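Chemist: Input structure: coords27.pdb, which contains PDB, C-alpha atoms.
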```pdb
ATOM      1  CA  MET L 677      73.485 109.157 107.881
ATOM      2  CA  ILE L 678      76.238 109.903 105.348
ATOM      3  CA  HIS L 679      78.856 108.866 107.908
ATOM      4  CA  VAL L 680      77.086 105.558 108.523
ATOM      5  CA  LEU L 681      76.737 104.827 104.816
ATOM      6  CA  SER L 682      80.407 105.628 104.183
ATOM      7  CA  ARG L 683      81.447 103.068 106.792
ATOM      8  CA  ARG L 684      79.176 100.306 105.484
ATOM      9  CA  PRO L 685      81.513  99.064 102.692
ATOM     10  CA  LEU L 686      84.383  98.921 105.194
ATOM     11  CA  ALA L 687      82.300  96.896 107.667
ATOM     12  CA  VAL L 688      81.183  94.470 104.959
ATOM     13  CA  ALA L 689      84.756  94.023 103.708
ATOM     14  CA  ALA L 690      85.979  93.327 107.258
ATOM     15  CA  GLY L 691      83.167  90.840 107.843
ATOM     16  CA  SER L 692      84.085  89.057 104.627
ATOM     17  CA  VAL L 693      87.634  88.572 105.922
ATOM     18  CA  VAL L 694      86.319  86.906 109.085
ATOM     19  CA  VAL L 695      84.099  84.543 107.096
ATOM     20  CA  ASP L 696      87.029  83.583 104.841
ATOM     21  CA  VAL L 697      89.194  82.711 107.847
ATOM     22  CA  LEU L 698      86.499  80.354 109.142
ATOM     23  CA  MET L 699      85.988  78.823 105.692
ATOM     24  CA  VAL L 700      89.693  78.126 105.178
ATOM     25  CA  ALA L 701      90.057  76.490 108.587
ATOM     26  CA  ALA L 702      86.972  74.284 108.219
ATOM     27  CA  LYS L 703      87.612  73.151 104.628
ATOM     28  CA  LEU L 704      91.305  72.460 105.189
ATOM     29  CA  LEU L 705      90.731  70.524 108.414
ATOM     30  CA  ILE L 706      87.907  68.354 107.068
ATOM     31  CA  GLY L 707      89.658  67.973 103.707
ATOM     32  CA  LEU L 708      92.831  66.635 105.313
ATOM     33  CA  LEU L 709      90.952  64.355 107.701
ATOM     34  CA  SER L 710      88.797  62.898 104.911
ATOM     35  CA  GLY L 711      91.493  62.806 102.231
ATOM     36  CA  SER L 712      89.258  64.830  99.894
ATOM     37  CA  LEU L 713      91.222  66.730  97.245
ATOM     38  CA  GLY L 714      88.010  68.540  96.382
ATOM     39  CA  LEU L 715      87.749  70.010  99.874
ATOM     40  CA  VAL L 716      91.467  70.788 100.032
ATOM     41  CA  ALA L 717      91.181  72.535  96.666
ATOM     42  CA  ASP L 718      88.174  74.439  97.941
ATOM     43  CA  ALA L 719      90.219  75.388 101.012
ATOM     44  CA  ALA L 720      92.953  76.715  98.714
ATOM     45  CA  HIS L 721      90.329  78.707  96.856
ATOM     46  CA  SER L 722      89.054  80.089 100.155
ATOM     47  CA  ALA L 723      92.625  80.907 101.227
ATOM     48  CA  LEU L 724      93.015  83.007  98.112
ATOM     49  CA  ASP L 725      89.592  84.471  98.831
ATOM     50  CA  LEU L 726      90.978  85.497 102.214
ATOM     51  CA  VAL L 727      93.902  87.245 100.554
ATOM     52  CA  SER L 728      91.600  88.939  98.052
ATOM     53  CA  SER L 729      89.233  89.962 100.858
ATOM     54  CA  LEU L 730      92.164  91.560 102.650
ATOM     55  CA  PHE L 731      93.057  93.376  99.427
ATOM     56  CA  ALA L 732      89.445  94.481  99.131
ATOM     57  CA  LEU L 733      89.447  95.739 102.724
ATOM     58  CA  LEU L 734      92.614  97.747 102.138
ATOM     59  CA  ALA L 735      91.291  99.015  98.804
ATOM     60  CA  VAL L 736      87.990 100.162 100.311
ATOM     61  CA  ARG L 737      89.877 102.004 103.040
ATOM     62  CA  ALA L 738      92.136 103.642 100.454
ATOM     63  CA  ALA L 739      89.222 104.563  98.202
ATOM     64  CA  ALA L 740      87.467 106.233 101.135
ATOM     65  CA  LYS L 741      90.335 108.708 101.558
ATOM     66  CA  PRO L 742      89.727 112.165 100.077
ATOM     67  CA  ALA L 743      91.659 113.378  97.056
ATOM     68  CA  ASP L 744      95.001 115.024  97.792
ATOM     69  CA  THR L 745      97.826 116.670  95.856
ATOM     70  CA  GLU L 746      99.288 113.286  94.844
ATOM     71  CA  HIS L 747      95.881 111.737  94.044
ATOM     72  CA  PRO L 748      93.739 114.637  92.701
ATOM     73  CA  TYR L 749      91.038 112.229  91.523
ATOM     74  CA  GLY L 750      90.910 110.275  94.780
ATOM     75  CA  HIS L 751      92.109 106.754  95.588
ATOM     76  CA  GLY L 752      89.417 104.744  93.821
ATOM     77  CA  ARG L 753      91.824 103.075  91.400
ATOM     78  CA  ALA L 754      93.287 101.140  94.327
ATOM     79  CA  GLU L 755      90.168  98.964  94.232
ATOM     80  CA  ASN L 756      90.743  98.019  90.598
ATOM     81  CA  LEU L 757      94.354  97.168  91.417
ATOM     82  CA  ALA L 758      93.081  94.870  94.201
ATOM     83  CA  ALA L 759      90.677  93.179  91.776
ATOM     84  CA  TYR L 760      93.492  92.652  89.251
ATOM     85  CA  THR L 761      95.761  91.157  91.938
ATOM     86  CA  GLU L 762      92.926  88.849  92.943
ATOM     87  CA  GLY L 763      92.703  87.617  89.359
ATOM     88  CA  LEU L 764      96.431  86.828  89.275
ATOM     89  CA  LEU L 765      96.215  84.839  92.520
ATOM     90  CA  LEU L 766      93.230  82.873  91.270
ATOM     91  CA  GLY L 767      95.069  81.978  88.070
ATOM     92  CA  ILE L 768      98.010  80.559  90.016
ATOM     93  CA  ALA L 769      95.653  78.494  92.177
ATOM     94  CA  ALA L 770      93.873  77.078  89.131
ATOM     95  CA  VAL L 771      97.123  75.724  87.695
ATOM     96  CA  GLY L 772      98.196  74.060  90.946
ATOM     97  CA  ILE L 773      94.831  72.474  91.704
ATOM     98  CA  GLY L 774      94.339  71.308  88.132
ATOM     99  CA  TYR L 775      97.752  69.628  88.103
ATOM    100  CA  GLU L 776      97.096  67.698  91.304
ATOM    101  CA  ALA L 777      93.605  66.657  90.159
ATOM    102  CA  VAL L 778      94.897  65.284  86.849
ATOM    103  CA  HIS L 779      97.717  63.493  88.684
ATOM    104  CA  ARG L 780      95.232  61.732  90.952
ATOM    105  CA  LEU L 781      92.958  60.794  88.068
ATOM    106  CA  LEU L 782      95.834  59.292  86.090
ATOM    107  CA  SER L 783      97.242  57.468  89.112
ATOM    108  CA  GLY L 784      93.959  55.735  89.893
ATOM    109  CA  GLY L 785      92.466  58.104  92.430
ATOM    110  CA  HIS L 786      92.926  58.406  96.166
ATOM    111  CA  LEU L 787      91.140  56.957  99.178
ATOM    112  CA  VAL L 788      88.521  59.455 100.380
ATOM    113  CA  ASN L 789      86.312  59.198 103.448
ATOM    114  CA  ALA L 790      83.055  60.787 102.278
ATOM    115  CA  SER L 791      81.596  61.158 105.765
ATOM    116  CA  LEU L 792      78.401  63.054 106.516
ATOM    117  CA  LEU L 793      80.517  65.849 108.003
ATOM    118  CA  ALA L 794      82.593  66.113 104.832
ATOM    119  CA  ILE L 795      79.431  66.190 102.721
ATOM    120  CA  GLY L 796      77.696  68.686 104.999
ATOM    121  CA  LEU L 797      80.536  71.232 104.848
ATOM    122  CA  PRO L 798      80.258  72.154 101.147
ATOM    123  CA  ALA L 799      76.472  72.160 101.508
ATOM    124  CA  ALA L 800      76.767  74.710 104.323
ATOM    125  CA  ALA L 801      79.348  76.666 102.317
ATOM    126  CA  ILE L 802      76.890  77.022  99.434
ATOM    127  CA  LEU L 803      74.344  78.629 101.762
ATOM    128  CA  VAL L 804      76.882  80.948 103.378
ATOM    129  CA  GLU L 805      78.404  82.050 100.073
ATOM    130  CA  SER L 806      74.981  82.670  98.535
ATOM    131  CA  VAL L 807      74.096  85.108 101.314
ATOM    132  CA  ARG L 808      77.531  86.727 101.195
ATOM    133  CA  ALA L 809      77.396  87.201  97.412
ATOM    134  CA  ILE L 810      74.061  89.004  97.703
ATOM    135  CA  VAL L 811      75.344  91.315 100.459
ATOM    136  CA  LEU L 812      78.661  92.084  98.753
ATOM    137  CA  ARG L 813      77.035  92.820  95.409
ATOM    138  CA  ALA L 814      74.364  95.055  96.947
ATOM    139  CA  VAL L 815      76.815  97.075  99.032
ATOM    140  CA  GLY L 816      79.363  97.164  96.208
ATOM    141  CA  ARG L 817      76.848  98.620  93.771
ATOM    142  CA  ALA L 818      75.435 101.052  96.323
ATOM    143  CA  SER L 819      78.882 102.386  97.187
ATOM    144  CA  ALA L 820      80.380 102.043  93.669
ATOM    145  CA  SER L 821      83.075  99.738  95.081
ATOM    146  CA  ALA L 822      84.862  97.711  92.396
ATOM    147  CA  ALA L 823      86.649  95.631  95.034
ATOM    148  CA  LEU L 824      83.422  94.553  96.756
ATOM    149  CA  GLU L 825      81.767  93.753  93.424
ATOM    150  CA  ALA L 826      84.805  91.685  92.433
ATOM    151  CA  ASN L 827      84.477  89.818  95.713
ATOM    152  CA  ALA L 828      80.805  89.192  94.941
ATOM    153  CA  VAL L 829      81.763  87.644  91.585
ATOM    154  CA  ASN L 830      84.256  85.427  93.353
ATOM    155  CA  ARG L 831      81.563  84.279  95.794
ATOM    156  CA  MET L 832      79.472  83.055  92.878
ATOM    157  CA  ALA L 833      82.443  81.004  91.723
ATOM    158  CA  ASP L 834      82.697  79.588  95.244
ATOM    159  CA  ILE L 835      79.089  78.455  95.067
ATOM    160  CA  VAL L 836      79.727  76.555  91.845
ATOM    161  CA  SER L 837      82.947  74.983  93.132
ATOM    162  CA  SER L 838      81.351  73.959  96.443
ATOM    163  CA  LEU L 839      78.488  72.412  94.513
ATOM    164  CA  GLY L 840      80.996  70.426  92.459
ATOM    165  CA  VAL L 841      82.767  69.261  95.625
ATOM    166  CA  LEU L 842      79.437  68.248  97.131
ATOM    167  CA  VAL L 843      78.519  66.185  94.067
ATOM    168  CA  GLY L 844      82.003  64.634  94.053
ATOM    169  CA  LEU L 845      81.757  63.535  97.668
ATOM    170  CA  LEU L 846      78.291  62.137  97.105
ATOM    171  CA  GLY L 847      79.740  60.204  94.154
ATOM    172  CA  VAL L 848      82.520  58.778  96.330
ATOM    173  CA  ARG L 849      79.958  57.764  98.930
ATOM    174  CA  MET L 850      78.102  55.868  96.196
ATOM    175  CA  GLY L 851      81.282  54.061  95.125
ATOM    176  CA  VAL L 852      82.611  56.301  92.347
ATOM    177  CA  GLU L 853      86.166  56.715  93.673
ATOM    178  CA  TRP L 854      87.386  59.166  91.024
ATOM    179  CA  ALA L 855      84.493  61.597  91.617
ATOM    180  CA  ASP L 856      86.401  63.644  94.203
ATOM    181  CA  SER L 857      89.366  64.201  91.878
ATOM    182  CA  ALA L 858      86.975  65.157  89.082
ATOM    183  CA  ALA L 859      85.333  67.659  91.434
ATOM    184  CA  ALA L 860      88.755  69.147  92.215
ATOM    185  CA  LEU L 861      89.382  69.540  88.485
ATOM    186  CA  LEU L 862      86.053  71.350  88.213
ATOM    187  CA  VAL L 863      87.131  73.696  91.000
ATOM    188  CA  ALA L 864      90.302  74.461  89.044
ATOM    189  CA  GLY L 865      88.207  75.317  85.985
ATOM    190  CA  VAL L 866      85.916  77.600  87.984
ATOM    191  CA  ILE L 867      88.908  79.390  89.485
ATOM    192  CA  ALA L 868      90.497  79.835  86.041
ATOM    193  CA  ALA L 869      87.284  81.322  84.621
ATOM    194  CA  SER L 870      86.980  83.728  87.564
ATOM    195  CA  ALA L 871      90.601  84.776  87.163
ATOM    196  CA  PHE L 872      90.145  85.520  83.464
ATOM    197  CA  ASN L 873      87.039  87.636  84.034
ATOM    198  CA  LEU L 874      88.602  89.655  86.842
ATOM    199  CA  LEU L 875      91.841  90.259  84.949
ATOM    200  CA  ARG L 876      89.982  91.403  81.848
ATOM    201  CA  HIS L 877      87.620  93.752  83.679
ATOM    202  CA  ALA L 878      90.150  95.271  86.095
ATOM    203  CA  GLY L 879      92.848  95.435  83.430
ATOM    204  CA  ASP L 880      90.637  97.426  81.067
ATOM    205  CA  ILE L 881      89.998 100.012  83.786
ATOM    206  CA  LEU L 882      93.622 100.256  84.905
ATOM    207  CA  ILE L 883      94.854 100.959  81.381
ATOM    208  CA  ASP L 884      91.865 103.204  80.579
TER     209      ASP L 884
END
```
Show me this structure written as structure tokens.
Modeler:
Amino acid sequence: MIHVLSRRPLAVAAGSVVVDVLMVAAKLLIGLLSGSLGLVADAAHSALDLVSSLFALLAVRAAAKPADTEHPYGHGRAENLAAYTEGLLLGIAAVGIGYEAVHRLLSGGHLVNASLLAIGLPAAAILVESVRAIVLRAVGRASASAALEANAVNRMADIVSSLGVLVGLLGVRMGVEWADSAAALLVAGVIAASAFNLLRHAGDILID
């Protein structure tokens, strides 16, 4: 039983990587086909989620190693380092997405095809991320994994950003052309807030 429980965080982290790969591919493809900056921004967010999920996977594996002569207190701090790196990546994404969103708003917007497929994707993403956030948080708390809990926090940000993209696309479909760019700006704000929270929490632990 102990062996099974010890492998659960690793399995959840690996599964999260697979989901992120699918999310990036779907959002980027539909975003480019529809011309939606909101979806492309969400794809960028998911791409960074993929990187952070890989960090989390590596951190969980490292934290599972027993203490040794070089790490007498174990390898758990690797997870906090992964969470801090995730925060840095999110901050960079926020700046890039925010810049492009403001540029489109000031230049009069951009033609977006708010098809039913484009609208359905963020709606599906909200459902998927809601389930994933619950699983990651539960397993993270049960196994005392900072990396998995950080990933759970990021999933909540994904839910908010996908909701904003969904509203933006619905706005475009109703004739509000700038709604998609506004949604992308919202995504940038959500990413920035997530980055700040992760950097503050992980940074406090790393510097004791």
Chemist: Check which residues satisfy the PyMOL selection byres ((chain L and resi 700) around 10) in the file shown, then give them as a list in words.
Modeler: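 Taken on the displayed file, the PyMOL selection byres ((chain L and resi 700) around 10) yields the residues Val695, Asp696, Val697, Leu698, Met699, Ala701, Ala702, Lys703, Leu704, Leu705, Leu715, Val716, Asp718, Ala719, Ala720, His721, Ser722, Ala723, Leu724, Asp725 and Leu726 of chain L.
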Chemist: Interatomic distance between CA of Gly844 (chain L) and CA of Ala859 (chain L)?
Modeler: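 For CA of Gly844 (chain L) relative to CA of Ala859 (chain L), the distance reads 5.2 Å.
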Chemist: Evaluating the PyMOL selection byres ((chain L and resi 800) around 12) on the displayed file yields which residues, as a list of chain:residue names?
Modeler: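 Selected by the PyMOL selection byres ((chain L and resi 800) around 12) here: L:Met699, L:Ala702, L:Lys703, L:Leu792, L:Leu793, L:Ala794, L:Ile795, L:Gly796, L:Leu797, L:Pro798, L:Ala799, L:Ala801, L:Ile802, L:Leu803, L:Val804, L:Glu805, L:Ser806, L:Val807, L:Asp834, L:Ile835, L:Ser838, L:Leu839, L:Val841, L:Leu842.
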Chemist: With distances taken over only C-alpha atoms, which residue among L:Gly691, L:Asp856, L:Gly711, L:His877 lies nearest Ala822 (chain L)?
Modeler: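 Of L:Gly691, L:Asp856, L:Gly711, L:His877, the one nearest Ala822 (chain L), counting only C-alpha atoms, is L:His877.
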Chemist: Using Å and a single decimal, report how far CA of Ala717 (chain L) sits from CA of Val863 (chain L).
Modeler: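 Rounded to one decimal, the two atoms are 7.1 Å apart.
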Chemist: Evaluating the PyMOL selection byres ((chain L and resi 868) around 9) on the displayed file yields which residues, as a ChimeraX atom specification?
Modeler: /L:763,766-771,863-867,869-873
Chemist: Ranking L:Ala687, L:Ala777, L:Leu824, L:Leu765 by minimum distance to Ser729 (chain L) and counting all atoms listed in the file, which one comes first?
Modeler: L:Leu824
Chemist: Please, what distance in Å, to one decimal, runs between CA of Ala732 (chain L) and CA of Ala823 (chain L)?
Modeler: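 Going from CA of Ala732 (chain L) over to CA of Ala823 (chain L), I get 5.1 Å.
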Chemist: Under the rule that only C-alpha atoms are counted, which of L:Ala833, L:Leu861, L:Val788, L:Leu757 is the nearest residue to Val848 (chain L)?
Modeler: L:Val788
Chemist: Would you kindly place N, CA and C atoms on region 766-794 of chain L and return the model as a short mmCIF file (atom, residue, chain, number, x, y, z; two decimals), in the coordinates of the input?
Modeler:
```cif
data_model
loop_
_atom_site.label_atom_id
_atom_site.label_comp_id
_atom_site.auth_asym_id
_atom_site.auth_seq_id
_atom_site.Cartn_x
_atom_site.Cartn_y
_atom_site.Cartn_z
N LEU L 766 94.14 83.94 91.66
CA LEU L 766 93.23 82.87 91.27
C LEU L 766 93.80 82.05 90.13
N GLY L 767 94.47 82.70 89.19
CA GLY L 767 95.07 81.98 88.07
C GLY L 767 96.14 81.01 88.53
N ILE L 768 96.97 81.43 89.48
CA ILE L 768 98.01 80.56 90.02
C ILE L 768 97.38 79.35 90.72
N ALA L 769 96.32 79.59 91.47
CA ALA L 769 95.65 78.49 92.18
C ALA L 769 95.07 77.48 91.20
N ALA L 770 94.49 77.97 90.11
CA ALA L 770 93.87 77.08 89.13
C ALA L 770 94.88 76.09 88.56
N VAL L 771 96.08 76.58 88.26
CA VAL L 771 97.12 75.72 87.70
C VAL L 771 97.54 74.63 88.69
N GLY L 772 97.77 75.02 89.94
CA GLY L 772 98.20 74.06 90.95
C GLY L 772 97.16 73.00 91.25
N ILE L 773 95.91 73.42 91.41
CA ILE L 773 94.83 72.47 91.70
C ILE L 773 94.57 71.55 90.52
N GLY L 774 94.58 72.11 89.32
CA GLY L 774 94.34 71.31 88.13
C GLY L 774 95.41 70.24 87.96
N TYR L 775 96.65 70.60 88.23
CA TYR L 775 97.75 69.63 88.10
C TYR L 775 97.56 68.46 89.06
N GLU L 776 97.26 68.76 90.31
CA GLU L 776 97.10 67.70 91.30
C GLU L 776 95.89 66.82 90.99
N ALA L 777 94.81 67.43 90.50
CA ALA L 777 93.60 66.66 90.16
C ALA L 777 93.88 65.68 89.02
N VAL L 778 94.56 66.15 87.98
CA VAL L 778 94.90 65.28 86.85
C VAL L 778 95.83 64.17 87.30
N HIS L 779 96.78 64.50 88.17
CA HIS L 779 97.72 63.49 88.68
C HIS L 779 96.97 62.38 89.41
N ARG L 780 96.00 62.75 90.23
CA ARG L 780 95.23 61.73 90.95
C ARG L 780 94.37 60.90 90.01
N LEU L 781 93.80 61.53 89.02
CA LEU L 781 92.96 60.79 88.07
C LEU L 781 93.79 59.78 87.29
N LEU L 782 94.99 60.18 86.87
CA LEU L 782 95.83 59.29 86.09
C LEU L 782 96.46 58.18 86.94
N SER L 783 96.61 58.46 88.23
CA SER L 783 97.24 57.47 89.11
C SER L 783 96.23 56.53 89.76
N GLY L 784 94.97 56.65 89.37
CA GLY L 784 93.96 55.74 89.89
C GLY L 784 93.17 56.24 91.07
N GLY L 785 93.28 57.53 91.36
CA GLY L 785 92.47 58.10 92.43
C GLY L 785 93.15 58.04 93.78
N HIS L 786 92.39 58.33 94.82
CA HIS L 786 92.93 58.41 96.17
C HIS L 786 91.81 58.06 97.14
N LEU L 787 92.15 57.36 98.21
CA LEU L 787 91.14 56.96 99.18
C LEU L 787 90.55 58.18 99.87
N VAL L 788 89.23 58.31 99.79
CA VAL L 788 88.52 59.46 100.38
C VAL L 788 87.43 58.95 101.30
N ASN L 789 87.36 59.53 102.49
CA ASN L 789 86.31 59.20 103.45
C ASN L 789 85.18 60.21 103.31
N ALA L 790 84.17 59.87 102.53
CA ALA L 790 83.06 60.79 102.28
C ALA L 790 82.05 60.69 103.42
N SER L 791 82.45 61.19 104.59
CA SER L 791 81.60 61.16 105.76
C SER L 791 80.48 62.19 105.64
N LEU L 792 79.50 62.09 106.52
CA LEU L 792 78.40 63.05 106.52
C LEU L 792 78.91 64.46 106.84
N LEU L 793 79.93 64.54 107.69
CA LEU L 793 80.52 65.85 108.00
C LEU L 793 81.18 66.45 106.78
N ALA L 794 81.93 65.63 106.04
CA ALA L 794 82.59 66.11 104.83
C ALA L 794 81.57 66.56 103.80
#
```
